[in-house]
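Raw contents of my_file18.pdb, PDB, C-alpha atoms and all ligand atoms:
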MODEL        1
ATOM      1  CA  MET R   1    -108.506  65.784 227.373
ATOM      2  CA  ARG R   2    -106.430  68.553 225.819
ATOM      3  CA  ASP R   3    -108.119  70.163 222.854
ATOM      4  CA  THR R   4    -107.106  72.746 220.262
ATOM      5  CA  VAL R   5    -108.286  76.343 220.176
ATOM      6  CA  GLN R   6    -110.136  75.539 216.959
ATOM      7  CA  ALA R   7    -112.010  72.646 218.599
ATOM      8  CA  ALA R   8    -112.924  74.942 221.509
ATOM      9  CA  VAL R   9    -114.243  77.654 219.174
ATOM     10  CA  GLU R  10    -116.324  75.099 217.257
ATOM     11  CA  ALA R  11    -117.746  73.797 220.526
ATOM     12  CA  LEU R  12    -118.699  77.350 221.586
ATOM     13  CA  ARG R  13    -120.386  77.934 218.209
ATOM     14  CA  ALA R  14    -122.336  74.678 218.654
ATOM     15  CA  GLY R  15    -123.634  75.884 222.035
ATOM     16  CA  GLN R  16    -121.423  73.532 224.048
ATOM     17  CA  LEU R  17    -119.298  74.240 227.118
ATOM     18  CA  VAL R  18    -115.507  74.649 227.156
ATOM     19  CA  ILE R  19    -112.874  74.754 229.896
ATOM     20  CA  LEU R  20    -111.004  78.002 229.261
ATOM     21  CA  PRO R  21    -107.739  79.015 230.965
ATOM     22  CA  THR R  22    -107.396  82.623 232.072
ATOM     23  CA  GLU R  23    -104.642  84.398 234.022
ATOM     24  CA  THR R  24    -106.842  84.426 237.160
ATOM     25  CA  VAL R  25    -108.578  81.026 237.375
ATOM     26  CA  TYR R  26    -109.901  78.458 234.895
ATOM     27  CA  GLY R  27    -113.344  79.318 233.493
ATOM     28  CA  LEU R  28    -116.299  77.252 232.302
ATOM     29  CA  ALA R  29    -117.144  79.021 229.051
ATOM     30  CA  ALA R  30    -120.140  79.314 226.719
ATOM     31  CA  ASP R  31    -121.528  81.613 224.011
ATOM     32  CA  ALA R  32    -123.019  84.545 225.970
ATOM     33  CA  GLY R  33    -125.740  85.037 223.356
ATOM     34  CA  ASN R  34    -127.017  81.445 223.437
ATOM     35  CA  PRO R  35    -129.545  81.000 226.274
ATOM     36  CA  GLN R  36    -129.397  77.176 226.177
ATOM     37  CA  ALA R  37    -125.618  77.208 226.414
ATOM     38  CA  VAL R  38    -125.759  79.697 229.297
ATOM     39  CA  ALA R  39    -128.369  77.542 231.053
ATOM     40  CA  ALA R  40    -125.999  74.572 230.746
ATOM     41  CA  ILE R  41    -123.347  76.504 232.732
ATOM     42  CA  PHE R  42    -125.723  77.087 235.656
ATOM     43  CA  GLU R  43    -126.662  73.404 235.486
ATOM     44  CA  ALA R  44    -123.041  72.130 235.376
ATOM     45  CA  LYS R  45    -121.962  74.302 238.313
ATOM     46  CA  GLY R  46    -125.134  73.906 240.366
ATOM     47  CA  ARG R  47    -125.125  77.700 240.406
ATOM     48  CA  PRO R  48    -128.195  79.657 241.522
ATOM     49  CA  ARG R  49    -129.711  81.518 238.577
ATOM     50  CA  PHE R  50    -129.813  84.861 240.388
ATOM     51  CA  ASN R  51    -126.012  85.002 240.186
ATOM     52  CA  PRO R  52    -124.980  86.651 236.881
ATOM     53  CA  LEU R  53    -121.930  85.725 234.796
ATOM     54  CA  ILE R  54    -118.968  87.702 233.452
ATOM     55  CA  SER R  55    -118.813  88.220 229.670
ATOM     56  CA  HIS R  56    -115.280  87.858 228.326
ATOM     57  CA  VAL R  57    -114.234  89.811 225.242
ATOM     58  CA  ALA R  58    -111.053  90.208 223.201
ATOM     59  CA  ASP R  59    -110.608  93.928 223.875
ATOM     60  CA  ALA R  60    -112.219  97.221 224.887
ATOM     61  CA  ASP R  61    -113.648  97.813 221.384
ATOM     62  CA  ALA R  62    -115.617  94.568 221.647
ATOM     63  CA  ALA R  63    -116.730  95.562 225.160
ATOM     64  CA  ARG R  64    -118.030  98.941 223.954
ATOM     65  CA  LYS R  65    -120.549  97.105 221.727
ATOM     66  CA  LEU R  66    -122.083  95.548 224.836
ATOM     67  CA  ALA R  67    -122.039  98.255 227.496
ATOM     68  CA  ARG R  68    -121.960 102.005 228.075
ATOM     69  CA  PHE R  69    -118.518 103.301 229.050
ATOM     70  CA  ASP R  70    -118.222 106.649 230.815
ATOM     71  CA  THR R  71    -114.922 108.437 231.515
ATOM     72  CA  ALA R  72    -114.092 106.353 234.583
ATOM     73  CA  ALA R  73    -114.889 103.076 232.797
ATOM     74  CA  ASN R  74    -112.705 104.074 229.859
ATOM     75  CA  ALA R  75    -109.828 104.983 232.186
ATOM     76  CA  LEU R  76    -110.075 101.661 234.050
ATOM     77  CA  ALA R  77    -110.224  99.649 230.822
ATOM     78  CA  ALA R  78    -107.226 101.548 229.439
ATOM     79  CA  ALA R  79    -105.242 100.925 232.625
ATOM     80  CA  PHE R  80    -106.014  97.237 233.267
ATOM     81  CA  TRP R  81    -107.180  95.520 230.053
ATOM     82  CA  PRO R  82    -106.250  93.010 228.950
ATOM     83  CA  GLY R  83    -106.032  91.818 232.530
ATOM     84  CA  PRO R  84    -107.766  90.742 235.732
ATOM     85  CA  LEU R  85    -110.367  93.525 236.098
ATOM     86  CA  THR R  86    -114.131  93.091 235.577
ATOM     87  CA  LEU R  87    -116.303  96.153 234.954
ATOM     88  CA  VAL R  88    -120.037  96.142 235.742
ATOM     89  CA  LEU R  89    -121.606  98.683 233.368
ATOM     90  CA  PRO R  90    -125.033  99.630 231.945
ATOM     91  CA  VAL R  91    -125.909  97.055 229.282
ATOM     92  CA  LEU R  92    -126.386  98.280 225.699
ATOM     93  CA  ASP R  93    -127.075  95.144 223.725
ATOM     94  CA  GLY R  94    -129.200  92.663 225.673
ATOM     95  CA  GLU R  95    -129.235  90.327 222.654
ATOM     96  CA  ARG R  96    -125.530  89.583 222.634
ATOM     97  CA  VAL R  97    -125.421  88.796 226.331
ATOM     98  CA  SER R  98    -128.533  86.773 227.080
ATOM     99  CA  ASP R  99    -130.870  87.731 229.909
ATOM    100  CA  LEU R 100    -129.986  84.621 231.881
ATOM    101  CA  ALA R 101    -126.262  85.477 231.743
ATOM    102  CA  ARG R 102    -127.092  88.865 233.318
ATOM    103  CA  ALA R 103    -129.622  87.320 235.726
ATOM    104  CA  GLY R 104    -132.107  89.794 234.256
ATOM    105  CA  LEU R 105    -130.149  92.868 235.429
ATOM    106  CA  ASP R 106    -129.777  95.982 233.275
ATOM    107  CA  SER R 107    -126.018  95.929 233.909
ATOM    108  CA  VAL R 108    -123.428  93.572 232.467
ATOM    109  CA  ALA R 109    -120.087  92.395 233.874
ATOM    110  CA  ILE R 110    -117.302  92.423 231.274
ATOM    111  CA  ARG R 111    -113.622  91.649 231.205
ATOM    112  CA  ALA R 112    -110.877  91.295 228.597
ATOM    113  CA  PRO R 113    -108.600  88.566 230.003
ATOM    114  CA  GLY R 114    -104.841  88.685 229.500
ATOM    115  CA  HIS R 115    -104.119  84.970 229.088
ATOM    116  CA  PRO R 116    -102.861  84.322 225.521
ATOM    117  CA  VAL R 117    -105.011  81.180 225.071
ATOM    118  CA  ALA R 118    -108.160  82.978 226.244
ATOM    119  CA  ARG R 119    -107.379  85.896 223.926
ATOM    120  CA  GLU R 120    -106.893  83.566 220.964
ATOM    121  CA  VAL R 121    -110.248  81.876 221.628
ATOM    122  CA  LEU R 122    -112.057  85.220 222.026
ATOM    123  CA  ARG R 123    -110.569  86.667 218.847
ATOM    124  CA  ALA R 124    -111.435  83.552 216.827
ATOM    125  CA  PHE R 125    -114.948  83.259 218.302
ATOM    126  CA  GLY R 126    -115.654  86.941 217.672
ATOM    127  CA  GLY R 127    -118.372  87.454 220.316
ATOM    128  CA  PRO R 128    -118.766  87.600 224.101
ATOM    129  CA  VAL R 129    -118.108  84.404 226.034
ATOM    130  CA  VAL R 130    -119.502  83.973 229.538
ATOM    131  CA  ALA R 131    -117.197  82.153 231.937
ATOM    132  CA  PRO R 132    -117.644  81.702 235.660
ATOM    133  CA  SER R 133    -114.854  79.949 237.514
ATOM    134  CA  ALA R 134    -114.876  76.273 236.475
ATOM    135  CA  ASN R 135    -115.548  74.927 239.987
ATOM    136  CA  ARG R 136    -118.864  73.521 241.116
ATOM    137  CA  SER R 137    -120.733  76.226 243.030
ATOM    138  CA  GLY R 138    -119.307  76.961 246.498
ATOM    139  CA  ARG R 139    -115.978  75.149 245.952
ATOM    140  CA  PRO R 140    -112.477  76.642 245.573
ATOM    141  CA  SER R 141    -111.790  77.950 242.058
ATOM    142  CA  PRO R 142    -109.535  75.762 239.880
ATOM    143  CA  THR R 143    -106.128  77.230 239.036
ATOM    144  CA  THR R 144    -104.713  74.258 237.105
ATOM    145  CA  TYR R 145    -105.972  72.292 234.112
ATOM    146  CA  ALA R 146    -106.251  69.102 236.195
ATOM    147  CA  ASP R 147    -108.322  70.827 238.900
ATOM    148  CA  ALA R 148    -110.668  72.359 236.303
ATOM    149  CA  VAL R 149    -111.218  68.987 234.616
ATOM    150  CA  GLU R 150    -111.830  67.369 237.997
ATOM    151  CA  GLU R 151    -114.493  69.984 238.839
ATOM    152  CA  THR R 152    -116.520  70.358 235.647
ATOM    153  CA  GLY R 153    -114.726  68.309 232.946
ATOM    154  CA  ALA R 154    -117.697  65.948 232.621
ATOM    155  CA  SER R 155    -119.879  68.818 231.318
ATOM    156  CA  VAL R 156    -117.633  70.153 228.555
ATOM    157  CA  ALA R 157    -117.106  69.370 224.860
ATOM    158  CA  ALA R 158    -113.544  70.742 224.885
ATOM    159  CA  ALA R 159    -110.919  71.623 227.489
ATOM    160  CA  LEU R 160    -107.883  73.843 226.912
ATOM    161  CA  ASP R 161    -104.687  73.526 228.922
ATOM    162  CA  GLY R 162    -103.144  76.944 229.528
ATOM    163  CA  GLY R 163    -100.806  75.853 232.324
ATOM    164  CA  PRO R 164    -101.126  76.918 235.965
ATOM    165  CA  CYS R 165    -102.881  80.291 236.393
ATOM    166  CA  GLU R 166    -100.344  83.028 237.003
ATOM    167  CA  VAL R 167    -102.528  85.137 239.307
ATOM    168  CA  GLY R 168    -104.547  82.400 241.037
ATOM    169  CA  LEU R 169    -107.290  84.737 242.367
ATOM    170  CA  GLU R 170    -110.381  85.896 240.496
ATOM    171  CA  SER R 171    -110.607  89.291 238.832
ATOM    172  CA  THR R 172    -111.451  92.409 240.818
ATOM    173  CA  VAL R 173    -115.098  93.376 240.147
ATOM    174  CA  VAL R 174    -115.753  97.125 239.958
ATOM    175  CA  SER R 175    -119.115  98.678 239.086
ATOM    176  CA  VAL R 176    -119.277 101.996 237.225
ATOM    177  CA  LEU R 177    -122.957 102.971 237.301
ATOM    178  CA  ASP R 178    -124.447 106.490 237.311
ATOM    179  CA  GLY R 179    -120.987 108.018 237.665
ATOM    180  CA  ASP R 180    -120.342 106.059 240.854
ATOM    181  CA  VAL R 181    -117.375 103.660 241.090
ATOM    182  CA  ARG R 182    -117.556 100.824 243.627
ATOM    183  CA  LEU R 183    -115.547  97.766 244.531
ATOM    184  CA  LEU R 184    -117.883  94.740 244.438
ATOM    185  CA  ARG R 185    -115.256  92.002 244.813
ATOM    186  CA  PRO R 186    -111.607  92.463 245.802
ATOM    187  CA  GLY R 187    -109.344  90.555 243.438
ATOM    188  CA  ALA R 188    -106.193  90.442 241.407
ATOM    189  CA  VAL R 189    -106.036  94.201 240.797
ATOM    190  CA  THR R 190    -105.650  95.855 244.194
ATOM    191  CA  ARG R 191    -107.804  98.637 245.622
ATOM    192  CA  ALA R 192    -104.782 100.974 245.561
ATOM    193  CA  GLU R 193    -104.221 100.253 241.858
ATOM    194  CA  ILE R 194    -107.887 101.082 241.092
ATOM    195  CA  GLU R 195    -107.799 104.224 243.231
ATOM    196  CA  ALA R 196    -104.641 105.436 241.500
ATOM    197  CA  VAL R 197    -106.754 105.662 238.317
ATOM    198  CA  VAL R 198    -110.201 106.839 239.510
ATOM    199  CA  GLY R 199    -109.687 108.171 243.032
ATOM    200  CA  PRO R 200    -111.290 106.768 246.210
ATOM    201  CA  VAL R 201    -113.778 103.938 245.618
ATOM    202  CA  ARG R 202    -116.555 102.877 247.969
ATOM    203  CA  GLN R 203    -117.494  99.375 248.973
ATOM    204  CA  ASP R 204    -120.524  97.674 247.427
ATOM    205  CA  GLY R 205    -123.873  98.961 248.624
ATOM    206  CA  GLU R 206    -127.424  99.752 247.563
ATOM    207  CA  GLY R 207    -127.817  99.313 243.800
ATOM    208  CA  HIS R 208    -124.255  98.034 243.496
ATOM    209  CA  ARG R 209    -124.386  94.465 244.655
ATOM    210  CA  SER R 210    -122.683  91.380 243.415
ATOM    211  CA  PRO R 211    -125.429  88.800 243.693
ATOM    212  CA  GLY R 212    -122.791  86.085 243.836
ATOM    213  CA  ARG R 213    -121.236  87.067 247.140
ATOM    214  CA  LEU R 214    -122.611  84.096 249.055
ATOM    215  CA  ALA R 215    -121.261  83.686 252.565
ATOM    216  CA  LEU R 216    -119.932  80.123 252.217
ATOM    217  CA  HIS R 217    -117.866  80.111 249.066
ATOM    218  CA  TYR R 218    -114.499  78.888 247.850
ATOM    219  CA  ALA R 219    -114.783  76.204 250.540
ATOM    220  CA  PRO R 220    -112.954  72.865 250.615
ATOM    221  CA  ASP R 221    -114.600  69.899 252.381
ATOM    222  CA  ALA R 222    -112.425  70.261 255.500
ATOM    223  CA  PRO R 223    -113.393  73.056 257.921
ATOM    224  CA  VAL R 224    -111.175  76.129 257.569
ATOM    225  CA  ARG R 225    -109.912  78.259 260.498
ATOM    226  CA  ILE R 226    -108.198  81.515 259.639
ATOM    227  CA  GLU R 227    -105.786  83.949 261.300
ATOM    228  CA  VAL R 228    -104.361  81.244 263.562
ATOM    229  CA  THR R 229    -100.714  80.744 264.417
ATOM    230  CA  GLU R 230    -100.798  77.075 265.369
ATOM    231  CA  ALA R 231    -102.545  74.005 264.004
ATOM    232  CA  ARG R 232    -104.612  71.742 266.247
ATOM    233  CA  SER R 233    -104.059  68.013 266.102
ATOM    234  CA  GLY R 234    -105.008  66.573 262.695
ATOM    235  CA  GLU R 235    -105.110  70.001 261.025
ATOM    236  CA  ILE R 236    -102.876  71.111 258.171
ATOM    237  CA  LEU R 237    -101.437  74.608 258.676
ATOM    238  CA  LEU R 238    -101.059  76.791 255.589
ATOM    239  CA  GLY R 239     -98.302  79.111 256.695
ATOM    240  CA  PHE R 240     -97.262  82.531 255.483
ATOM    241  CA  GLY R 241     -93.834  84.029 256.038
ATOM    242  CA  PRO R 242     -90.544  82.562 257.283
ATOM    243  CA  GLY R 243     -90.532  79.881 259.964
ATOM    244  CA  VAL R 244     -94.287  79.239 259.999
ATOM    245  CA  GLY R 245     -95.378  75.588 259.764
ATOM    246  CA  ASP R 246     -94.320  72.918 257.271
ATOM    247  CA  LEU R 247     -92.650  74.454 254.203
ATOM    248  CA  ARG R 248     -94.520  72.083 251.872
ATOM    249  CA  TRP R 249     -97.834  73.688 252.846
ATOM    250  CA  SER R 250     -96.730  77.315 253.028
ATOM    251  CA  LEU R 251     -98.637  79.856 250.936
ATOM    252  CA  SER R 252     -95.381  81.767 250.695
ATOM    253  CA  PRO R 253     -92.307  80.953 252.821
ATOM    254  CA  SER R 254     -90.897  84.431 252.189
ATOM    255  CA  GLY R 255     -94.176  86.230 252.945
ATOM    256  CA  ASP R 256     -94.824  87.360 249.372
ATOM    257  CA  LEU R 257     -98.506  88.191 248.703
ATOM    258  CA  ARG R 258     -98.287  87.543 244.959
ATOM    259  CA  GLU R 259     -96.934  84.063 245.609
ATOM    260  CA  ALA R 260     -99.569  83.442 248.295
ATOM    261  CA  ALA R 261    -102.356  84.437 245.890
ATOM    262  CA  ALA R 262    -101.023  82.107 243.202
ATOM    263  CA  ASN R 263    -100.834  79.227 245.712
ATOM    264  CA  LEU R 264    -104.037  79.816 247.682
ATOM    265  CA  PHE R 265    -106.682  77.714 245.896
ATOM    266  CA  ARG R 266    -104.161  75.035 244.898
ATOM    267  CA  ARG R 267    -103.016  74.576 248.512
ATOM    268  CA  LEU R 268    -106.614  74.483 249.798
ATOM    269  CA  ARG R 269    -107.355  71.708 247.288
ATOM    270  CA  GLU R 270    -104.140  69.784 248.004
ATOM    271  CA  ALA R 271    -104.691  69.995 251.744
ATOM    272  CA  ASP R 272    -108.291  68.830 251.326
ATOM    273  CA  ARG R 273    -107.119  65.704 249.462
ATOM    274  CA  GLU R 274    -105.244  64.605 252.601
ATOM    275  CA  ARG R 275    -108.610  64.539 254.425
ATOM    276  CA  PRO R 276    -107.320  66.507 257.428
ATOM    277  CA  ALA R 277    -109.414  67.253 260.525
ATOM    278  CA  GLY R 278    -109.253  70.847 259.378
ATOM    279  CA  ILE R 279    -107.240  73.433 257.484
ATOM    280  CA  ALA R 280    -105.707  76.260 259.536
ATOM    281  CA  VAL R 281    -104.332  79.383 257.855
ATOM    282  CA  SER R 282    -101.775  81.866 259.193
ATOM    283  CA  PRO R 283    -102.669  85.554 259.385
ATOM    284  CA  ILE R 284    -102.205  87.357 256.052
ATOM    285  CA  PRO R 285    -101.617  91.125 256.057
ATOM    286  CA  GLN R 286    -104.616  93.088 254.757
ATOM    287  CA  GLN R 287    -102.563  95.237 252.342
ATOM    288  CA  GLY R 288    -102.434  94.969 248.551
ATOM    289  CA  LEU R 289    -103.420  91.509 247.332
ATOM    290  CA  GLY R 290    -103.961  90.550 250.989
ATOM    291  CA  GLU R 291    -107.428  92.136 250.852
ATOM    292  CA  ALA R 292    -108.567  89.650 248.182
ATOM    293  CA  ILE R 293    -106.764  86.695 249.799
ATOM    294  CA  ASN R 294    -108.441  87.437 253.157
ATOM    295  CA  ASP R 295    -111.816  87.876 251.430
ATOM    296  CA  ARG R 296    -111.551  84.370 249.907
ATOM    297  CA  LEU R 297    -110.309  82.891 253.185
ATOM    298  CA  ARG R 298    -113.167  84.425 255.201
ATOM    299  CA  ARG R 299    -115.645  82.915 252.771
ATOM    300  CA  ALA R 300    -113.866  79.537 252.800
ATOM    301  CA  ALA R 301    -114.201  79.655 256.596
ATOM    302  CA  GLY R 302    -117.927  80.432 256.249
ATOM    303  CA  PHE R 303    -117.946  83.977 257.600
ATOM    304  CA  VAL R 304    -120.645  86.290 256.333
ATOM    305  CA  GLY R 305    -119.137  88.867 253.991
TER     306      GLY R 305
HETATM  307  O1  LIG K   1    -111.341  85.985 237.279
HETATM  308  C1  LIG K   1    -112.552  85.870 237.057
HETATM  309  O2  LIG K   1    -113.335  86.821 237.129
HETATM  310  C2  LIG K   1    -113.065  84.467 236.663
HETATM  311  C3  LIG K   1    -112.458  84.111 235.295
HETATM  312  C4  LIG K   1    -112.954  82.781 234.775
HETATM  313  O3  LIG K   1    -112.696  85.145 234.380
HETATM  314  N1  LIG K   1    -114.498  84.442 236.631
HETATM  315  C5  LIG K   1    -115.242  84.528 237.759
HETATM  316  O4  LIG K   1    -116.604  84.426 237.549
HETATM  317  O5  LIG K   1    -114.770  84.649 238.860
HETATM  318  P1  LIG K   1    -117.651  84.129 238.702
HETATM  319  O6  LIG K   1    -118.913  83.830 237.988
HETATM  320  O7  LIG K   1    -117.117  83.078 239.594
HETATM  321  O8  LIG K   1    -117.803  85.494 239.456
HETATM  322  C6  LIG K   1    -118.474  86.590 238.841
HETATM  323  C7  LIG K   1    -118.848  87.613 239.880
HETATM  324  C8  LIG K   1    -119.961  87.115 240.778
HETATM  325  O9  LIG K   1    -119.702  87.552 242.103
HETATM  326  C9  LIG K   1    -121.195  87.817 240.205
HETATM  327  O10 LIG K   1    -122.234  87.988 241.147
HETATM  328  C10 LIG K   1    -120.599  89.133 239.751
HETATM  329  O11 LIG K   1    -119.341  88.782 239.211
HETATM  330  N2  LIG K   1    -121.425  89.786 238.697
HETATM  331  C11 LIG K   1    -121.639  89.377 237.429
HETATM  332  N3  LIG K   1    -122.482  90.208 236.781
HETATM  333  C12 LIG K   1    -122.807  91.190 237.655
HETATM  334  C13 LIG K   1    -123.642  92.355 237.603
HETATM  335  N4  LIG K   1    -124.321  92.687 236.497
HETATM  336  N5  LIG K   1    -123.740  93.127 238.716
HETATM  337  C14 LIG K   1    -123.048  92.816 239.849
HETATM  338  N6  LIG K   1    -122.252  91.734 239.957
HETATM  339  C15 LIG K   1    -122.133  90.926 238.882
HETATM  340 MG    MG K   2    -116.512  81.711 241.155
ENDMDL
END
Would you write the structure of this file as structure tokens?
Amino acid sequence: MRDTVQAAVEALRAGQLVILPTETVYGLAADAGNPQAVAAIFEAKGRPRFNPLISHVADADAARKLARFDTAANALAAAFWPGPLTLVLPVLDGERVSDLARAGLDSVAIRAPGHPVAREVLRAFGGPVVAPSANRSGRPSPTTYADAVEETGASVAAALDGGPCEVGLESTVVSVLDGDVRLLRPGAVTRAEIEAVVGPVRQDGEGHRSPGRLALHYAPDAPVRIEVTEARSGEILLGFGPGVGDLRWSLSPSGDLREAAANLFRRLREADRERPAGIAVSPIPQQGLGEAINDRLRRAAGFVG
């Protein structure tokens, strides 16, 4: 099912769900202001209702109608939007982003995605669109049209094909509350890139929590072992760097973190389809995008985060 932008916008207006490509991962989208439509997202994903959703907007001007931006928030939006950064900010207009979408919090998560198809939909729709990753809850995020349709296609009225996601990892989630900037979820924009704009940022903590950071997350069916250099019998090894494992399964044969991020969820899914005894993953350096890759891998392996 490959629909037009116009069909997707009509579906959103009618309170139906849409598969929406973004530069990070595919999203399962609905009108943020329509409580029934938002409820249908939680239902389709099997997502616990305490876990709030990200509102997607066309640009920073649209975001400023929904949330309070201080100096740091403005600087981050100017530096990274449109792009893979989500800001958690004090909510201004609780009508336009329904209570359920915010899980009743007085903050709202917002991002202006960079993908041209997502931008076209958001401009034409004219209001905030909530979109969690289009996987069923707990599973690896979809980074291709086919994977998104396989996960949640049965629940949508329209699905847009935007090609394979360029980034392949979810947005970085940063909260800017009471003048305090914190990193809630490492992601496509690196910690160093954030800190170059707003100075040192602290980890999540009291009052700055991402309710969605469940321990077992992003997990394929096969058990995942991380930071290992050799596969056991029946396991598939996802290598990283030259000379590690079977080239076909490598996250990046040259050891490039950008390439590894783009391949991560796709390789986990492909490996899972072979029904291996397990999936083993080579050590990934903790610098740059490695922080987000290792975060997803630890959760896929079931470690508490
Ligand atoms: O790249 C992405 O961000 C993708 C694409 C589709 O945009 N979306 C995505 O959404 O990853 P989701 O629902 O899978 O993750 C949203 C994260 C969750 O960890 C959630 O708990 C957190 O954002 N979040 C949302 N609203 C929040 C809030 N008000 N305070 C703290 N965390 C919040
Ligand atoms: Mg997700």
Given the file shown, enumerate the residues that the PyMOL selection byres (((chain R and resi 174) around 6) and not hetatm) captures and present them as a list in words. Leu87, Val173, Ser175, Arg182, Leu183 and Leu184 of chain R
Written file, previous selection with C-alpha atoms, as a compact mmCIF listing (two decimals), in the frame of the given file:
# COMPACT_ATOMS: atom_id res chain seq x y z
CA LEU R 87 -116.30 96.15 234.95
CA VAL R 173 -115.10 93.38 240.15
CA SER R 175 -119.12 98.68 239.09
CA ARG R 182 -117.56 100.82 243.63
CA LEU R 183 -115.55 97.77 244.53
CA LEU R 184 -117.88 94.74 244.44
Neighbour residues at most 12 Å from (-109.4, 94.5, 244.7) (all atoms listed in the file) as a PyMOL selection string: chain R and resi 84-86+169-175+182-195+201-204+286-296
Could you pull out the residues sitting within 6 Å of ligand LIG 1 (chain K), using only C-alpha atoms and all ligand atoms, and write them as a list in words? Thr24, Val25, Tyr26, Gly27, Asn51, Pro52, Leu53, Ile54, Val88, Arg102, Leu105, Ser107, Val108, Ala109, Ala131, Pro132, Ser133, Glu170, Ser171, Arg209, Ser210, Pro211, Gly212 and Arg213 of chain R
Could you pull out the residues sitting within 8 Å of ligand MG 2 (chain K), using all atoms listed in the file, and write them as a PyMOL selection string? chain R and resi 132-135+137-138+140-141+170+218
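When atom CA of R:Ala196 is paired with atom CA of R:Ala72, their separation reads 11.7 Å.
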As an exercise, work out the distance from atom CA of R:Ala30 to atom CA of R:Leu17 in Å and give it to one decimal place.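 Between atom CA of R:Ala30 and atom CA of R:Leu17 the gap is 5.2 Å.
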On this structure, which residues satisfy the PyMOL selection byres (((chain R and resi 67) around 6) and not hetatm), written as a list of chain:residue names?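 Selected by the PyMOL selection byres (((chain R and resi 67) around 6) and not hetatm) here: R:Arg64, R:Leu66, R:Arg68, R:Leu89, R:Pro90, R:Val91, R:Leu92.
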R:Ser233, R:Thr144, R:Asn263, R:Gln6 ranked by distance to R:Leu251, top pick (using all atoms listed in the file): R:Asn263
To one decimal in Å, tell me the separation between atom CA of R:Ala62 and atom CA of R:Gly127.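 It comes out at 7.7 Å.
Across R:Val9, R:Ala118, R:Ala103, R:Ala60, the tightest approach to R:Thr22 is made by R:Ala118 when counting all atoms listed in the file.
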Extract, using all atoms listed in the file, all DNA, RNA and protein residues at most 8 Å from stretch 273-282 of chain R, discarding same-chain residues fewer than 2 positions from it, and format them as an MDAnalysis selection string. chainID R and resid 222:231 233:240 244 268:271 284
Hey, can I get the axis-aligned box for stretch 64-75 of chain R? All listed atoms, 4 Å padding on each side, centre and edge lengths in Å to one decimal, as AutoDock Vina command-line options.
--center_x -116.0 --center_y 102.0 --center_z 228.2 --size_x 20.3 --size_y 20.9 --size_z 20.9
With all atoms listed in the file as the basis for distance, which of R:Asp31, R:Asp221, R:Glu120, R:Glu43 is at the shortest distance from R:Thr4?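 Using all atoms listed in the file, the shortest distance to R:Thr4 belongs to R:Glu120.
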Residues returned when the PyMOL selection byres (((chain R and resi 157) around 7) and not hetatm) runs on this file, as a list in words: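 On this input, the PyMOL selection byres (((chain R and resi 157) around 7) and not hetatm) captures Ala11, Gln16, Leu17, Val18, Val156 and Ala158 of chain R.
Take the candidates R:Asp61, R:Glu166, R:Glu95, R:Asp147 and check each one against R:Ala261 using all atoms listed in the file; the shortest distance goes to R:Glu166.
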Who sits within 7 Å of R:Thr143, all atoms listed in the file, same chain under 6 positions skipped, as JSON, numbers by chain: {"R": [25, 26, 164, 165, 168, 265, 266]}
Select, from R:Pro283, R:Gly255, R:Gly153, R:Gly104, the residue with the minimum atom-to-atom distance to R:Arg298, counting all atoms listed in the file.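 Smallest separation from R:Arg298 among the options: R:Pro283.
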Model the absent atoms of stretch 86-92 of chain R so that N, CA, C and O atoms are present, and write the result as a PDB file, keeping the file's coordinate frame.
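rebuild_1.pdb, freshly written:
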ATOM      1  N   THR R  86    -112.782  93.200 236.150  1.00  0.00           N
ATOM      2  CA  THR R  86    -114.131  93.091 235.577  1.00  0.00           C
ATOM      3  C   THR R  86    -114.880  94.379 235.855  1.00  0.00           C
ATOM      4  O   THR R  86    -114.882  94.866 236.990  1.00  0.00           O
ATOM      5  N   LEU R  87    -115.504  94.933 234.800  1.00  0.00           N
ATOM      6  CA  LEU R  87    -116.303  96.153 234.954  1.00  0.00           C
ATOM      7  C   LEU R  87    -117.780  95.812 234.848  1.00  0.00           C
ATOM      8  O   LEU R  87    -118.188  95.125 233.905  1.00  0.00           O
ATOM      9  N   VAL R  88    -118.578  96.277 235.808  1.00  0.00           N
ATOM     10  CA  VAL R  88    -120.037  96.142 235.742  1.00  0.00           C
ATOM     11  C   VAL R  88    -120.582  97.481 235.245  1.00  0.00           C
ATOM     12  O   VAL R  88    -120.402  98.510 235.907  1.00  0.00           O
ATOM     13  N   LEU R  89    -121.212  97.457 234.069  1.00  0.00           N
ATOM     14  CA  LEU R  89    -121.606  98.683 233.368  1.00  0.00           C
ATOM     15  C   LEU R  89    -123.046  98.557 232.861  1.00  0.00           C
ATOM     16  O   LEU R  89    -123.561  97.440 232.738  1.00  0.00           O
ATOM     17  N   PRO R  90    -123.681  99.704 232.508  1.00  0.00           N
ATOM     18  CA  PRO R  90    -125.033  99.630 231.945  1.00  0.00           C
ATOM     19  C   PRO R  90    -125.002  98.841 230.633  1.00  0.00           C
ATOM     20  O   PRO R  90    -124.161  99.114 229.767  1.00  0.00           O
ATOM     21  N   VAL R  91    -125.913  97.893 230.478  1.00  0.00           N
ATOM     22  CA  VAL R  91    -125.909  97.055 229.282  1.00  0.00           C
ATOM     23  C   VAL R  91    -126.487  97.830 228.094  1.00  0.00           C
ATOM     24  O   VAL R  91    -127.410  98.627 228.252  1.00  0.00           O
ATOM     25  N   LEU R  92    -125.890  97.641 226.917  1.00  0.00           N
ATOM     26  CA  LEU R  92    -126.386  98.280 225.699  1.00  0.00           C
ATOM     27  C   LEU R  92    -127.148  97.278 224.856  1.00  0.00           C
ATOM     28  O   LEU R  92    -128.227  97.533 224.377  1.00  0.00           O
TER      29      LEU R  92
END
